[in-house]
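Note: the block below is entry-v1.txt and it holds compact mmCIF, C-alpha atoms and all ligand atoms.
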```txt
# COMPACT_ATOMS: atom_id res chain seq x y z
CA MET M 1 138.62 64.62 139.93
CA ASN M 2 135.83 63.78 142.34
CA ILE M 3 133.72 66.92 142.62
CA LEU M 4 131.09 67.34 145.32
CA ILE M 5 128.33 69.88 144.66
CA ILE M 6 126.80 71.23 147.88
CA LYS M 7 123.44 72.79 146.98
CA SER M 8 121.60 74.87 149.56
CA SER M 9 118.41 76.31 148.11
CA PRO M 10 114.88 75.33 149.13
CA HIS M 11 114.07 75.61 145.38
CA LYS M 12 115.05 72.28 143.83
CA LYS M 13 114.64 73.80 140.39
CA GLY M 14 115.70 77.35 141.20
CA SER M 15 118.32 79.77 139.96
CA SER M 16 121.38 78.64 141.91
CA ASN M 17 120.74 74.99 141.07
CA LEU M 18 120.33 75.94 137.39
CA LEU M 19 123.81 77.48 137.47
CA ALA M 20 125.11 74.37 139.27
CA GLU M 21 123.57 72.10 136.61
CA ASN M 22 125.41 74.01 133.90
CA PHE M 23 128.66 73.68 135.81
CA ILE M 24 128.01 69.93 136.24
CA ARG M 25 127.37 69.49 132.50
CA GLY M 26 130.74 71.09 131.70
CA ALA M 27 132.59 69.15 134.41
CA GLU M 28 131.09 65.80 133.32
CA GLU M 29 131.94 66.50 129.68
CA LYS M 30 135.51 67.05 130.84
CA GLY M 31 135.45 63.60 132.48
CA HIS M 32 135.11 64.55 136.15
CA GLN M 33 132.99 62.48 138.57
CA VAL M 34 130.30 64.63 140.13
CA SER M 35 128.22 63.87 143.22
CA ILE M 36 125.59 66.07 144.84
CA PHE M 37 124.61 66.80 148.43
CA ASP M 38 121.41 68.83 148.77
CA ALA M 39 121.70 70.75 152.04
CA GLY M 40 118.45 72.51 151.12
CA HIS M 41 116.57 69.27 151.75
CA ALA M 42 118.84 67.41 154.16
CA LYS M 43 118.41 66.78 157.86
CA LEU M 44 121.00 69.15 159.27
CA HIS M 45 121.12 70.87 162.64
CA PRO M 46 123.10 73.98 163.51
CA CYS M 47 126.37 73.62 165.44
CA LEU M 48 125.63 73.54 169.17
CA GLY M 49 128.98 75.07 170.07
CA CYS M 50 129.36 72.38 172.75
CA ASP M 51 132.99 71.78 171.74
CA ALA M 52 132.67 68.04 172.46
CA CYS M 53 134.57 67.53 169.17
CA HIS M 54 137.43 69.89 170.16
CA MET M 55 137.46 70.92 166.48
CA ASN M 56 138.98 67.56 165.57
CA GLY M 57 136.67 64.68 166.44
CA LEU M 58 133.15 63.38 166.17
CA CYS M 59 130.11 65.63 166.37
CA ILE M 60 127.58 64.49 168.97
CA GLN M 61 124.71 65.28 166.58
CA LYS M 62 123.47 62.40 164.44
CA ASP M 63 122.15 63.82 161.19
CA ASP M 64 123.07 64.03 157.49
CA MET M 65 126.32 65.83 158.31
CA THR M 66 127.90 62.42 159.01
CA GLU M 67 127.40 61.51 155.34
CA LEU M 68 128.45 64.95 154.09
CA ARG M 69 131.63 64.86 156.18
CA SER M 70 132.81 61.64 154.57
CA GLN M 71 131.71 62.85 151.12
CA ILE M 72 133.80 66.02 151.52
CA LEU M 73 136.84 64.15 152.80
CA ASP M 74 136.59 61.75 149.83
CA SER M 75 136.38 64.60 147.29
CA ASP M 76 139.05 66.55 145.47
CA MET M 77 136.84 69.58 145.10
CA ALA M 78 133.70 71.04 146.70
CA VAL M 79 131.38 73.53 145.01
CA PHE M 80 129.31 75.69 147.35
CA VAL M 81 126.01 76.61 145.67
CA THR M 82 123.74 79.19 147.27
CA PRO M 83 120.98 81.71 146.69
CA ILE M 84 121.83 85.14 148.10
CA TYR M 85 119.88 85.80 151.28
CA TYR M 86 120.39 89.28 152.72
CA PHE M 87 123.68 89.57 150.88
CA GLY M 88 125.11 86.41 152.36
CA MET M 89 124.81 82.66 151.87
CA SER M 90 121.63 80.75 152.71
CA ALA M 91 121.21 79.55 156.29
CA GLN M 92 121.26 76.01 154.90
CA LEU M 93 124.80 76.49 153.56
CA LYS M 94 125.94 78.39 156.65
CA THR M 95 124.74 75.44 158.75
CA VAL M 96 126.97 73.13 156.70
CA ILE M 97 129.95 75.45 157.08
CA ASP M 98 129.49 75.87 160.84
CA ARG M 99 129.43 72.08 161.14
CA PHE M 100 132.94 71.97 159.58
CA TYR M 101 133.98 72.79 163.16
CA SER M 102 134.22 69.13 164.20
CA PHE M 103 136.72 68.33 161.41
CA ASN M 104 138.31 71.74 161.04
CA SER M 105 141.88 70.43 161.30
CA GLU M 106 141.30 67.61 158.81
CA LEU M 107 139.81 70.09 156.33
CA MET M 108 142.76 72.48 156.68
CA GLU M 109 145.21 69.66 156.06
CA LYS M 110 143.29 68.47 153.01
CA ALA M 111 143.79 71.72 151.02
CA LEU M 112 140.47 71.10 149.28
CA LYS M 113 139.82 72.73 145.92
CA THR M 114 136.63 74.82 146.11
CA MET M 115 134.32 76.99 144.05
CA LEU M 116 131.40 79.28 144.81
CA ILE M 117 128.21 79.51 142.74
CA ALA M 118 125.70 82.13 143.91
CA ALA M 119 122.45 83.55 142.49
CA ALA M 120 120.91 86.89 143.48
CA TRP M 121 117.91 88.87 142.34
CA ASP M 122 119.65 92.24 142.35
CA SER M 123 122.25 93.32 139.86
CA ASN M 124 124.01 96.17 141.63
CA ASP M 125 127.79 96.15 141.48
CA TRP M 126 127.82 95.59 145.27
CA THR M 127 125.29 92.70 145.35
CA MET M 128 128.00 90.01 145.60
CA LYS M 129 130.61 91.99 147.53
CA ASP M 130 129.99 90.40 150.94
CA ILE M 131 129.40 86.77 149.89
CA SER M 132 132.53 86.91 147.79
CA ALA M 133 134.60 88.41 150.63
CA HIS M 134 133.22 85.82 153.08
CA TYR M 135 134.05 82.96 150.71
CA GLU M 136 137.59 84.30 150.18
CA THR M 137 138.11 84.55 153.95
CA LEU M 138 136.89 80.98 154.38
CA CYS M 139 139.35 79.85 151.71
CA ARG M 140 142.15 81.68 153.46
CA TYR M 141 141.33 80.27 156.90
CA LEU M 142 140.46 76.70 155.85
CA ASN M 143 143.30 76.44 153.34
CA PHE M 144 140.84 75.92 150.48
CA LYS M 145 142.25 76.31 146.98
CA ASP M 146 139.80 78.56 145.14
CA GLN M 147 139.02 77.46 141.57
CA GLY M 148 136.61 80.28 140.72
CA GLN M 149 133.39 82.06 141.58
CA ILE M 150 130.19 82.32 139.54
CA LEU M 151 128.43 85.37 140.95
CA GLY M 152 125.05 85.40 139.22
CA ILE M 153 123.53 88.86 139.57
CA GLY M 154 120.12 89.49 138.00
CA CYS M 155 119.36 85.79 138.58
CA GLY M 156 116.15 86.24 140.60
CA ASN M 157 114.34 83.24 139.12
CA VAL M 158 114.92 80.62 136.47
CA SER M 159 113.73 82.68 133.52
CA MET M 160 115.81 85.70 134.59
CA THR M 161 118.83 83.43 135.09
CA LYS M 162 118.45 81.87 131.63
CA SER M 163 118.61 85.36 130.08
CA THR M 164 122.00 86.14 131.67
CA GLU M 165 125.50 85.07 130.74
CA PHE M 166 125.91 83.12 134.01
CA PRO M 167 124.68 79.65 132.92
CA GLU M 168 127.22 79.75 130.08
CA GLN M 169 129.89 81.06 132.47
CA ALA M 170 129.19 78.15 134.84
CA TYR M 171 129.31 75.64 131.98
CA ARG M 172 132.65 77.01 130.76
CA LEU M 173 134.11 76.92 134.25
CA GLY M 174 133.06 73.26 134.51
CA LYS M 175 134.77 72.57 131.18
CA THR M 176 138.02 74.22 132.18
CA ILE M 177 138.67 72.88 135.67
C1 LIG N 201 115.00 85.25 152.43
C2 LIG N 201 115.48 85.80 151.12
C3 LIG N 201 116.46 86.78 151.12
C4 LIG N 201 116.93 87.28 149.91
N1 LIG N 201 117.91 88.24 149.94
C5 LIG N 201 118.40 88.73 148.76
C6 LIG N 201 119.42 89.71 148.77
O1 LIG N 201 119.93 90.14 149.80
N2 LIG N 201 119.86 90.19 147.58
C7 LIG N 201 119.33 89.76 146.38
O2 LIG N 201 119.77 90.21 145.34
N3 LIG N 201 118.38 88.80 146.36
C8 LIG N 201 117.89 88.28 147.52
N4 LIG N 201 116.92 87.32 147.50
C9 LIG N 201 116.49 86.76 146.20
C10 LIG N 201 117.20 85.43 145.87
O3 LIG N 201 118.58 85.50 146.06
C11 LIG N 201 116.95 85.09 144.41
O4 LIG N 201 115.56 85.00 144.17
C12 LIG N 201 117.63 83.80 143.98
O5 LIG N 201 117.44 83.64 142.60
C13 LIG N 201 117.06 82.58 144.67
O6 LIG N 201 117.82 81.47 144.25
P1 LIG N 201 117.24 79.98 144.27
O7 LIG N 201 116.15 79.90 143.25
O8 LIG N 201 118.42 79.14 143.94
O9 LIG N 201 116.74 79.73 145.66
C14 LIG N 201 116.40 86.80 148.68
C15 LIG N 201 115.40 85.83 148.69
C16 LIG N 201 114.93 85.33 149.90
C17 LIG N 201 113.86 84.27 149.90
```
Structure rendered as structure tokens:
Amino acid sequence: MNILIIKSSPHKKGSSNLLAENFIRGAEEKGHQVSIFDAGHAKLHPCLGCDACHMNGLCIQKDDMTELRSQILDSDMAVFVTPIYYFGMSAQLKTVIDRFYSFNSELMEKALKTMLIAAAWDSNDWTMKDISAHYETLCRYLNFKDQGQILGIGCGNVSMTKSTEFPEQAYRLGKTI
């Protein structure tokens, strides 16, 4: 499978990317081809809501979303990787998702396999409730085929993350897809 990892943290070597790296190691050992798009450091503008695309055409904005759009459409699976910001995804990842608007129909038809990898500081049993529900609703609406969620609670920084079970969980998920 061609797997596209969509990172979205400003921390290149942070907690969510550490979990993603473990997933990648497992997936590559299994023989999958992995490519990475770093939305945390890309040139991406929010959707203007101009509707010039009519949800099925070209976006009038010329930025890195042009590349990401073709990368997604060429992939069998996308992995959304995000730090938890106020109990949701990062603005960087939300920007990517809002920009799906211009190829909404194509995405629905594709039935893309997807996964979510998230890292949060807190470890309450409700820390991941909203991100997980949002992701599941996106899967339902966009006809994504969910392959699993790594919900890293108590992953506030790299050393905290390394002391949890989540890097191993991400590795094993990579190995089993
Ligand atoms: C703007 C901002 C908002 C945050 N909101 C939350 C939150 O709602 N819940 C939580 O547990 N951690 C929150 N955190 C902590 C991060 O999710 C946590 O440090 C995470 O490990 C960062 O991942 P990264 O290193 O991949 O960027 C927040 C951090 C920032 C900077």
Kindly provide, as a list in words, the polymer residues lying within 6 Å of (125.0, 86.8, 142.2), counting only C-alpha atoms and using the coordinates exactly as they appear in the file.
Ala118, Ala119, Ala120, Met128, Leu151, Gly152 and Ile153 of chain M
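Minimum atom-to-atom distance to M:Leu112, evaluated using all atoms listed in the file, belongs to M:Met77 out of M:Ala27, M:Ile97, M:Ala91, M:Met77.
Comparing M:Leu138, M:Leu58, M:Ile177, M:Cys155 by their smallest distance to ligand LIG 201 (chain N), the closest is M:Cys155 (using all atoms listed in the file).
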Ligand LIG 201 (chain N) proximity check over M:Tyr86, M:Trp126, M:Tyr135, M:Phe37, using all atoms listed in the file: winner is M:Tyr86
Exercise answer, 6 Å around ligand LIG 201 (chain N) with all atoms listed in the file, as a PyMOL selection string
chain M and resi 9-11+14-17+83-87+119-122+155-157
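Between atom CA of M:Ala39 and atom CA of M:Lys13 lies a distance of 14.0 Å.
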Around the point (123.3, 85.6, 130.8), in the coordinates given by the file, pick out the residues reaching within 12 Å, counting only C-alpha atoms, and return them as JSON, numbers by chain.
{"M": [15, 19, 119, 123, 150, 151, 152, 153, 154, 155, 158, 159, 160, 161, 162, 163, 164, 165, 166, 167, 168, 169, 170, 171]}
Include C-alpha atoms and write out the residues we just selected as a compact mmCIF listing (two decimals), in the coordinates of the input.
```txt
# COMPACT_ATOMS: atom_id res chain seq x y z
CA SER M 15 118.32 79.77 139.96
CA LEU M 19 123.81 77.48 137.47
CA ALA M 119 122.45 83.55 142.49
CA SER M 123 122.25 93.32 139.86
CA ILE M 150 130.19 82.32 139.54
CA LEU M 151 128.43 85.37 140.95
CA GLY M 152 125.05 85.40 139.22
CA ILE M 153 123.53 88.86 139.57
CA GLY M 154 120.12 89.49 138.00
CA CYS M 155 119.36 85.79 138.58
CA VAL M 158 114.92 80.62 136.47
CA SER M 159 113.73 82.68 133.52
CA MET M 160 115.81 85.70 134.59
CA THR M 161 118.83 83.43 135.09
CA LYS M 162 118.45 81.87 131.63
CA SER M 163 118.61 85.36 130.08
CA THR M 164 122.00 86.14 131.67
CA GLU M 165 125.50 85.07 130.74
CA PHE M 166 125.91 83.12 134.01
CA PRO M 167 124.68 79.65 132.92
CA GLU M 168 127.22 79.75 130.08
CA GLN M 169 129.89 81.06 132.47
CA ALA M 170 129.19 78.15 134.84
CA TYR M 171 129.31 75.64 131.98
```
So how many Å separate atom CA of M:Met65 and atom CA of M:Ala52, to one decimal?
15.7 Å
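Nearest-residue note for M:Lys7: choosing from M:Thr137, M:Ser70, M:Asn22, M:Gln92, the minimum distance belongs to M:Gln92, counting only C-alpha atoms.
Atom CA of M:Lys145 to atom CA of M:Asp76 spans 10.4 Å [interatomic distance, one decimal].
Here the question is which of M:Leu44, M:Ile60, M:Thr82, M:Phe144 gets nearest to M:Ala111 using all atoms listed in the file, and that residue is M:Phe144.
Between M:Met89 and the candidates M:Leu73, M:Ile3, M:Ala133, M:Leu173, the tightest atom-to-atom separation, counting only C-alpha atoms, involves M:Ala133.
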As lines of an AutoDock Vina configuration file, what would the box around stretch 59-67 of chain M look like: edges along x, y and z, 4 Å added on every side, centre and edge lengths in Å to one decimal?
```
center_x = 126.1
center_y = 63.7
center_z = 162.2
size_x = 16.0
size_y = 12.3
size_z = 21.6
```
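Residues with any atom within 12 Å of M:Gly31, counting all atoms listed in the file and excluding same-chain neighbours fewer than 2 positions away, are Met1, Asn2, Ile3, Ile24, Arg25, Gly26, Ala27, Glu28, Glu29, Gln33, Val34, Gly174, Lys175, Thr176 and Ile177 of chain M.
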List the neighbours of M:Ala78 out to 6 Å using only C-alpha atoms; skip same-chain residues closer than 5 positions along the sequence, and give me the result as a PyMOL selection string.
chain M and resi 3-5+114
Can you list, as number ranges by chain, every protein, DNA or RNA residue that comes within 6 Å of M:Asn143 when you count all atoms listed in the file, leaving out same-chain residues fewer than 2 positions away?
M: 108, 111, 139-141
Incomplete stretch 99-110 of chain M brought to all heavy atoms, written out as a short mmCIF file (atom, residue, chain, number, x, y, z; two decimals), in the frame of the given file:
```cif
data_model
loop_
_atom_site.label_atom_id
_atom_site.label_comp_id
_atom_site.auth_asym_id
_atom_site.auth_seq_id
_atom_site.Cartn_x
_atom_site.Cartn_y
_atom_site.Cartn_z
N ARG M 99 129.20 73.48 160.71
CA ARG M 99 129.43 72.08 161.14
C ARG M 99 130.81 71.55 160.70
O ARG M 99 131.21 70.45 161.09
CB ARG M 99 128.29 71.19 160.64
CG ARG M 99 126.93 71.50 161.26
CD ARG M 99 126.80 71.03 162.69
NE ARG M 99 126.91 69.59 162.82
CZ ARG M 99 125.93 68.72 162.59
NH1 ARG M 99 124.73 69.16 162.22
NH2 ARG M 99 126.13 67.43 162.72
N PHE M 100 131.54 72.34 159.89
CA PHE M 100 132.94 71.97 159.58
C PHE M 100 133.78 71.96 160.87
O PHE M 100 134.87 71.40 160.91
CB PHE M 100 133.57 72.96 158.59
CG PHE M 100 133.08 72.85 157.17
CD1 PHE M 100 133.43 73.80 156.22
CD2 PHE M 100 132.27 71.80 156.76
CE1 PHE M 100 133.00 73.71 154.90
CE2 PHE M 100 131.83 71.70 155.44
CZ PHE M 100 132.20 72.66 154.52
N TYR M 101 133.25 72.63 161.90
CA TYR M 101 133.98 72.79 163.16
C TYR M 101 134.54 71.48 163.69
O TYR M 101 135.68 71.44 164.16
CB TYR M 101 133.02 73.41 164.18
CG TYR M 101 133.66 73.92 165.45
CD1 TYR M 101 134.31 75.15 165.48
CD2 TYR M 101 133.58 73.18 166.63
CE1 TYR M 101 134.88 75.63 166.65
CE2 TYR M 101 134.14 73.65 167.80
CZ TYR M 101 134.79 74.88 167.81
OH TYR M 101 135.35 75.35 168.98
N SER M 102 133.77 70.39 163.59
CA SER M 102 134.22 69.13 164.20
C SER M 102 135.36 68.47 163.41
O SER M 102 136.05 67.61 163.95
CB SER M 102 133.06 68.14 164.35
OG SER M 102 132.65 67.69 163.08
N PHE M 103 135.56 68.88 162.16
CA PHE M 103 136.72 68.33 161.41
C PHE M 103 137.53 69.44 160.76
O PHE M 103 138.12 69.29 159.70
CB PHE M 103 136.28 67.23 160.42
CG PHE M 103 135.29 67.62 159.36
CD1 PHE M 103 135.64 67.59 158.01
CD2 PHE M 103 133.99 67.97 159.67
CE1 PHE M 103 134.75 67.90 157.01
CE2 PHE M 103 133.07 68.31 158.67
CZ PHE M 103 133.45 68.27 157.35
N ASN M 104 137.58 70.56 161.48
CA ASN M 104 138.31 71.74 161.04
C ASN M 104 139.77 71.42 160.67
O ASN M 104 140.24 71.81 159.59
CB ASN M 104 138.26 72.77 162.19
CG ASN M 104 138.54 74.18 161.74
OD1 ASN M 104 137.64 74.85 161.27
ND2 ASN M 104 139.77 74.63 161.87
N SER M 105 140.45 70.70 161.53
CA SER M 105 141.88 70.43 161.30
C SER M 105 142.07 69.55 160.07
O SER M 105 142.94 69.81 159.24
CB SER M 105 142.51 69.71 162.50
OG SER M 105 142.07 70.29 163.68
N GLU M 106 141.20 68.52 159.96
CA GLU M 106 141.30 67.61 158.81
C GLU M 106 141.07 68.37 157.50
O GLU M 106 141.74 68.14 156.50
CB GLU M 106 140.22 66.53 158.93
CG GLU M 106 140.75 65.14 159.10
CD GLU M 106 139.61 64.14 159.26
OE1 GLU M 106 138.73 64.37 160.11
OE2 GLU M 106 139.61 63.15 158.53
N LEU M 107 140.11 69.30 157.53
CA LEU M 107 139.81 70.09 156.33
C LEU M 107 141.00 70.96 155.95
O LEU M 107 141.36 71.06 154.78
CB LEU M 107 138.60 70.99 156.59
CG LEU M 107 137.25 70.53 156.09
CD1 LEU M 107 136.21 71.61 156.37
CD2 LEU M 107 137.26 70.20 154.60
N MET M 108 141.60 71.61 156.95
CA MET M 108 142.76 72.48 156.68
C MET M 108 143.89 71.69 156.04
O MET M 108 144.53 72.14 155.10
CB MET M 108 143.26 73.10 157.98
CG MET M 108 142.46 74.28 158.44
SD MET M 108 143.10 74.81 160.06
CE MET M 108 142.34 76.42 160.17
N GLU M 109 144.11 70.49 156.57
CA GLU M 109 145.21 69.66 156.06
C GLU M 109 144.95 69.18 154.64
O GLU M 109 145.86 68.94 153.87
CB GLU M 109 145.42 68.44 156.96
CG GLU M 109 146.20 68.75 158.22
CD GLU M 109 145.98 67.70 159.29
OE1 GLU M 109 145.67 66.54 158.96
OE2 GLU M 109 146.08 68.07 160.49
N LYS M 110 143.67 69.04 154.31
CA LYS M 110 143.29 68.47 153.01
C LYS M 110 143.58 69.41 151.83
O LYS M 110 143.79 68.96 150.72
CB LYS M 110 141.81 68.10 153.04
CG LYS M 110 141.36 67.31 151.84
CD LYS M 110 139.95 66.79 152.01
CE LYS M 110 139.36 66.32 150.70
NZ LYS M 110 140.09 65.21 150.07
#
```
